[in-house]
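Dumped entry_31.pdb below, it's PDB, C-alpha atoms:
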MODEL        1
ATOM      1  CA  MET A   1    -107.296 -69.532   3.545
ATOM      2  CA  ASN A   2    -107.569 -72.651   1.405
ATOM      3  CA  SER A   3    -106.377 -71.857  -2.145
ATOM      4  CA  ASN A   4    -109.677 -72.938  -3.762
ATOM      5  CA  LEU A   5    -111.658 -70.733  -1.393
ATOM      6  CA  GLN A   6    -109.216 -67.878  -1.944
ATOM      7  CA  GLN A   7    -109.678 -68.132  -5.700
ATOM      8  CA  LEU A   8    -113.475 -68.157  -5.356
ATOM      9  CA  PHE A   9    -113.374 -65.244  -2.931
ATOM     10  CA  ASP A  10    -111.070 -63.230  -5.198
ATOM     11  CA  SER A  11    -113.411 -63.802  -8.123
ATOM     12  CA  LEU A  12    -116.379 -62.721  -6.004
ATOM     13  CA  GLU A  13    -114.481 -59.594  -4.958
ATOM     14  CA  SER A  14    -113.656 -58.824  -8.578
ATOM     15  CA  GLN A  15    -117.365 -58.934  -9.402
ATOM     16  CA  ARG A  16    -118.136 -56.612  -6.510
ATOM     17  CA  ALA A  17    -115.463 -54.149  -7.608
ATOM     18  CA  SER A  18    -116.892 -54.163 -11.115
ATOM     19  CA  VAL A  19    -120.418 -53.389  -9.901
ATOM     20  CA  LEU A  20    -119.210 -50.673  -7.546
ATOM     21  CA  ASN A  21    -117.130 -49.130 -10.329
ATOM     22  CA  GLU A  22    -120.211 -49.013 -12.559
ATOM     23  CA  ILE A  23    -122.395 -47.302  -9.965
ATOM     24  CA  LYS A  24    -119.847 -45.165  -8.073
ATOM     25  CA  SER A  25    -120.790 -41.907  -9.789
ATOM     26  CA  LEU A  26    -124.560 -42.302  -9.401
ATOM     27  CA  SER A  27    -126.392 -39.634  -7.484
ATOM     28  CA  ALA A  28    -128.742 -40.744  -4.729
ATOM     29  CA  GLU A  29    -131.640 -39.908  -7.036
ATOM     30  CA  LYS A  30    -130.366 -42.109  -9.869
ATOM     31  CA  LEU A  31    -129.390 -44.894  -7.495
ATOM     32  CA  ASN A  32    -132.922 -45.083  -6.130
ATOM     33  CA  LYS A  33    -134.887 -44.259  -9.302
ATOM     34  CA  HIS A  34    -137.289 -47.016 -10.340
ATOM     35  CA  GLU A  35    -140.500 -47.659 -12.177
ATOM     36  CA  PRO A  36    -143.522 -48.868 -10.195
ATOM     37  CA  GLY A  37    -143.183 -52.571  -9.422
ATOM     38  CA  LYS A  38    -139.509 -52.627 -10.457
ATOM     39  CA  TRP A  39    -136.353 -52.435  -8.390
ATOM     40  CA  SER A  40    -133.894 -49.553  -8.540
ATOM     41  CA  ILE A  41    -130.160 -50.135  -8.864
ATOM     42  CA  GLY A  42    -129.862 -49.444  -5.144
ATOM     43  CA  GLN A  43    -132.532 -52.004  -4.325
ATOM     44  CA  ILE A  44    -130.851 -54.634  -6.503
ATOM     45  CA  VAL A  45    -127.473 -54.114  -4.834
ATOM     46  CA  ALA A  46    -129.090 -54.013  -1.379
ATOM     47  CA  HIS A  47    -130.790 -57.319  -2.218
ATOM     48  CA  ILE A  48    -127.434 -58.864  -3.176
ATOM     49  CA  ILE A  49    -125.821 -57.619   0.033
ATOM     50  CA  THR A  50    -128.691 -58.929   2.149
ATOM     51  CA  ALA A  51    -128.567 -62.346   0.496
ATOM     52  CA  GLU A  52    -124.844 -62.502   1.231
ATOM     53  CA  GLN A  53    -125.302 -61.348   4.843
ATOM     54  CA  LEU A  54    -127.977 -63.958   5.523
ATOM     55  CA  SER A  55    -125.848 -66.645   3.876
ATOM     56  CA  ILE A  56    -122.857 -65.714   6.027
ATOM     57  CA  LYS A  57    -124.954 -65.817   9.211
ATOM     58  CA  TYR A  58    -126.260 -69.250   8.263
ATOM     59  CA  LEU A  59    -122.784 -70.541   7.381
ATOM     60  CA  ALA A  60    -121.291 -69.184  10.606
ATOM     61  CA  LYS A  61    -123.980 -70.902  12.651
ATOM     62  CA  LYS A  62    -123.551 -74.212  10.828
ATOM     63  CA  PHE A  63    -119.770 -74.006  10.991
ATOM     64  CA  GLN A  64    -120.042 -74.429  14.768
ATOM     65  CA  ALA A  65    -121.046 -78.072  14.190
ATOM     66  CA  ILE A  66    -119.349 -78.681  10.841
ATOM     67  CA  GLU A  67    -117.881 -82.042  11.820
ATOM     68  CA  THR A  68    -121.385 -83.458  12.274
ATOM     69  CA  PHE A  69    -122.439 -82.756   8.687
ATOM     70  CA  GLU A  70    -122.247 -85.274   5.857
ATOM     71  CA  ARG A  71    -119.964 -84.780   2.896
ATOM     72  CA  THR A  72    -121.256 -83.606  -0.447
ATOM     73  CA  GLY A  73    -121.024 -85.805  -3.508
ATOM     74  CA  LEU A  74    -122.135 -86.104  -7.108
ATOM     75  CA  TRP A  75    -125.760 -85.206  -6.316
ATOM     76  CA  GLU A  76    -124.792 -81.875  -4.750
ATOM     77  CA  GLU A  77    -122.428 -81.141  -7.636
ATOM     78  CA  LEU A  78    -125.280 -81.741 -10.097
ATOM     79  CA  LYS A  79    -127.541 -79.442  -8.067
ATOM     80  CA  SER A  80    -124.833 -76.781  -8.042
ATOM     81  CA  ILE A  81    -124.377 -77.018 -11.820
ATOM     82  CA  THR A  82    -128.141 -76.866 -12.359
ATOM     83  CA  LEU A  83    -128.324 -73.798 -10.124
ATOM     84  CA  THR A  84    -125.571 -72.126 -12.159
ATOM     85  CA  ILE A  85    -127.385 -72.830 -15.418
ATOM     86  CA  ALA A  86    -130.687 -71.547 -14.025
ATOM     87  CA  GLN A  87    -129.061 -68.334 -12.769
ATOM     88  CA  ARG A  88    -127.497 -67.695 -16.173
ATOM     89  CA  LEU A  89    -130.791 -67.947 -18.012
ATOM     90  CA  PRO A  90    -132.758 -64.704 -18.412
ATOM     91  CA  LEU A  91    -135.424 -65.911 -16.019
ATOM     92  CA  LYS A  92    -136.956 -64.048 -13.103
ATOM     93  CA  PHE A  93    -136.965 -65.617  -9.670
ATOM     94  CA  ARG A  94    -138.861 -64.430  -6.632
ATOM     95  CA  ALA A  95    -136.523 -63.578  -3.788
ATOM     96  CA  PRO A  96    -137.125 -65.572  -0.595
ATOM     97  CA  ASN A  97    -139.301 -63.692   1.896
ATOM     98  CA  VAL A  98    -136.526 -63.684   4.493
ATOM     99  CA  VAL A  99    -134.331 -61.734   2.060
ATOM    100  CA  LEU A 100    -137.116 -59.329   1.113
ATOM    101  CA  GLU A 101    -138.015 -58.712   4.752
ATOM    102  CA  ASN A 102    -134.414 -57.995   5.751
ATOM    103  CA  THR A 103    -133.293 -55.837   2.818
ATOM    104  CA  PRO A 104    -132.583 -52.289   4.006
ATOM    105  CA  ALA A 105    -132.751 -49.113   1.959
ATOM    106  CA  PHE A 106    -129.501 -47.272   1.305
ATOM    107  CA  ASP A 107    -129.430 -43.544   0.637
ATOM    108  CA  ASN A 108    -126.287 -43.464  -1.478
ATOM    109  CA  VAL A 109    -123.501 -45.494  -3.072
ATOM    110  CA  GLU A 110    -121.146 -44.839  -0.147
ATOM    111  CA  GLN A 111    -123.550 -46.545   2.265
ATOM    112  CA  LEU A 112    -123.931 -49.507  -0.101
ATOM    113  CA  GLU A 113    -120.190 -49.834  -0.495
ATOM    114  CA  LYS A 114    -119.583 -49.662   3.259
ATOM    115  CA  ALA A 115    -122.186 -52.358   3.976
ATOM    116  CA  TRP A 116    -120.905 -54.589   1.183
ATOM    117  CA  THR A 117    -117.282 -54.185   2.284
ATOM    118  CA  TYR A 118    -118.206 -55.133   5.844
ATOM    119  CA  THR A 119    -120.156 -58.145   4.579
ATOM    120  CA  ARG A 120    -117.225 -59.342   2.498
ATOM    121  CA  GLU A 121    -114.837 -58.907   5.430
ATOM    122  CA  GLU A 122    -117.122 -61.155   7.478
ATOM    123  CA  LEU A 123    -117.153 -63.705   4.654
ATOM    124  CA  LYS A 124    -113.362 -63.657   4.397
ATOM    125  CA  GLU A 125    -112.992 -64.208   8.151
ATOM    126  CA  LEU A 126    -115.387 -67.150   7.950
ATOM    127  CA  LEU A 127    -113.629 -68.694   4.942
ATOM    128  CA  ASN A 128    -110.330 -68.493   6.821
ATOM    129  CA  LEU A 129    -111.760 -70.930   9.386
ATOM    130  CA  PHE A 130    -112.336 -73.767   6.914
ATOM    131  CA  THR A 131    -109.724 -76.502   6.806
ATOM    132  CA  ASP A 132    -109.113 -78.589   3.691
ATOM    133  CA  ASP A 133    -110.964 -81.487   5.315
ATOM    134  CA  GLN A 134    -114.088 -79.351   5.851
ATOM    135  CA  LEU A 135    -114.521 -78.105   2.272
ATOM    136  CA  ASN A 136    -116.943 -80.854   1.275
ATOM    137  CA  ARG A 137    -119.215 -80.742   4.300
ATOM    138  CA  LYS A 138    -122.904 -79.910   3.732
ATOM    139  CA  VAL A 139    -122.707 -76.632   5.607
ATOM    140  CA  TYR A 140    -124.949 -74.423   3.440
ATOM    141  CA  LYS A 141    -128.625 -74.649   2.556
ATOM    142  CA  HIS A 142    -129.547 -72.848  -0.645
ATOM    143  CA  PRO A 143    -133.255 -71.883  -0.827
ATOM    144  CA  VAL A 144    -133.723 -73.879  -4.051
ATOM    145  CA  ALA A 145    -130.767 -76.250  -4.442
ATOM    146  CA  GLY A 146    -130.719 -77.457  -0.849
ATOM    147  CA  LYS A 147    -127.619 -78.543   1.019
ATOM    148  CA  LEU A 148    -124.255 -77.644  -0.509
ATOM    149  CA  ASN A 149    -120.648 -77.337   0.606
ATOM    150  CA  ILE A 150    -118.768 -74.076   1.186
ATOM    151  CA  GLN A 151    -117.255 -73.993  -2.297
ATOM    152  CA  GLN A 152    -120.668 -74.509  -3.889
ATOM    153  CA  ALA A 153    -122.077 -71.839  -1.563
ATOM    154  CA  ILE A 154    -119.526 -69.272  -2.753
ATOM    155  CA  LYS A 155    -120.201 -70.258  -6.363
ATOM    156  CA  SER A 156    -123.916 -69.681  -5.755
ATOM    157  CA  LEU A 157    -123.147 -66.190  -4.391
ATOM    158  CA  LYS A 158    -121.077 -65.491  -7.507
ATOM    159  CA  GLU A 159    -123.878 -66.681  -9.773
ATOM    160  CA  HIS A 160    -126.435 -64.658  -7.846
ATOM    161  CA  LEU A 161    -124.414 -61.501  -8.409
ATOM    162  CA  ARG A 162    -123.807 -62.456 -12.049
ATOM    163  CA  HIS A 163    -127.559 -62.979 -12.468
ATOM    164  CA  HIS A 164    -128.288 -59.404 -11.343
ATOM    165  CA  GLN A 165    -125.516 -57.650 -13.276
ATOM    166  CA  PRO A 166    -127.536 -57.395 -16.533
ATOM    167  CA  GLN A 167    -130.372 -55.739 -14.594
ATOM    168  CA  ILE A 168    -127.939 -53.182 -13.208
ATOM    169  CA  LYS A 169    -126.387 -52.549 -16.642
ATOM    170  CA  LYS A 170    -129.819 -52.092 -18.216
ATOM    171  CA  LEU A 171    -130.847 -49.575 -15.551
ATOM    172  CA  LEU A 172    -127.545 -47.706 -15.933
ATOM    173  CA  LYS A 173    -128.228 -47.276 -19.652
ATOM    174  CA  GLU A 174    -131.700 -45.935 -18.881
ATOM    175  CA  ASN A 175    -130.356 -43.372 -16.361
TER     176      ASN A 175
ENDMDL
END

Let me see whether you can do it: turn the structure in this file into structure tokens.
Amino acid sequence: MNSNLQQLFDSLESQRASVLNEIKSLSAEKLNKHEPGKWSIGQIVAHIITAEQLSIKYLAKKFQAIETFERTGLWEELKSITLTIAQRLPLKFRAPNVVLENTPAFDNVEQLEKAWTYTREELKELLNLFTDDQLNRKVYKHPVAGKLNIQQAIKSLKEHLRHHQPQIKKLLKEN
């Protein structure tokens, strides 16, 4: 795997390990406990997993024709930075319908961990396919930021997870 992608992937995996470590001892009841109109910890993590799964499916499909895509430049970098800033602000964003419609329910932490591990294995396999020359191709379409390259895509996944970590921590304190 390209060293930049490896570093991004390792950082993403570190985040995942941190979240799983925080929730590993939760009972099924605590994992799925929520107030009306609010998400439970399990729903938040399931949402993150689903967003990653859908992103990987999209990337895998687009990778098939990667050589036909334009290269990213300054505009995409600015969009990526703006996306990072937006994700770090304590703002609420509505999840895209495709994510909401495809988010499964998990009964326990073990099921969440298994699904997330499988998802990350798929991501790692996909990242291994990228050559150095393909890193700046517009291969990913973020729902808000638009077309980005694979490095910016992984950064957006990292920021998405980072965005939800305070929600998880808050709910853990309440449990």

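For the set A:Asn108, A:Glu122, A:His164, A:Lys169, the residue with the smallest atom-to-atom gap to Ser25 (chain A) is A:Asn108, counting all atoms listed in the file.
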
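Minimum atom-to-atom distances from A:Leu8, A:Leu91, A:Val98, A:Ala145 to Thr50 (chain A) were compared using all atoms listed in the file, and the lowest value belongs to A:Val98.
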
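Taking CA of Ile81 (chain A) as the reference point, CA of Leu161 (chain A) is found at 15.9 Å.
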
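For the pair CA of His47 (chain A) and CA of Leu135 (chain A), the interatomic distance is 26.8 Å.
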
* Asked: Using only C-alpha atoms, which of A:Asn32, A:Ile154, A:Val19, A:Ile44 sits nearest Leu126 (chain A)?
  -> A:Ile154

* Option closest in space to Ile85 (chain A), from A:Arg162, A:Lys170, A:Arg120, A:Lys24 [counting all atoms listed in the file] -> A:Arg162

* Determine, counting all atoms listed in the file, which protein, DNA and RNA residues have an atom within 12 Å of an atom of Arg94 (chain A); residues of the same chain fewer than 6 positions away are not included. Present the result as a list of chain:residue names. => A:His47, A:Leu100, A:Pro143, A:Val144

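Residue selection for this entry, given the PyMOL selection byres ((chain A and resi 27) around 12), comprises Ile23, Lys24, Ser25, Leu26, Ala28, Glu29, Lys30, Leu31, Asn32, Lys33, Ile41, Gly42, Asp107, Asn108, Val109, Glu110, Leu172 and Asn175 of chain A.
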
* Thr117 (chain A) surroundings by only C-alpha atoms, 10 Å radius, close-in-sequence under 5 positions cut, as a PyMOL selection string -> chain A and resi 13+16+49+111-112+122-123

* Of the candidates A:Pro96, A:Asp133, A:Phe106, A:Gln167, which one gets nearest to Ala51 (chain A) if we count only C-alpha atoms? -> A:Pro96

* Identify, on the basis of only C-alpha atoms, every residue whose closest approach to Lys141 (chain A) does not exceed 9 Å; exclude the query and any residue fewer than 6 positions from it along the same chain; express the result as a list in words. => Ser55, Tyr58, Leu59, Lys147, Leu148, Asn149 and Ala153 of chain A

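CA of Lys155 (chain A) to CA of Phe9 (chain A) spans 9.1 Å [interatomic distance, one decimal].
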
* What's the 10 Å shell around Leu5 (chain A), counting only C-alpha atoms, without same-chain residues fewer than 6 positions away, as a PyMOL selection string? -> chain A and resi 11+124+127-128+130+132+135+150-151+154-155

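Compared by their closest atoms to Ser80 (chain A), and using all atoms listed in the file, the residues A:Thr68, A:Gln165, A:Ser156, A:Asn4 rank with A:Ser156 nearest.
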
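Residues matched by the PyMOL selection byres ((chain A and resi 138) around 7) in this file: Phe69, Glu70, Arg71, Thr72, Asn136, Arg137, Val139, Tyr140, Lys147, Leu148 and Asn149 of chain A.
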
Report, as JSON, the centre and edge lengths in Å (one decimal) of the axis-aligned box enclosing every listed atom of region 13-20 of chain A, padded by 3 Å on each side.
{"center_x": -117.0, "center_y": -55.1, "center_z": -8.0, "size_x": 12.8, "size_y": 14.9, "size_z": 12.2}
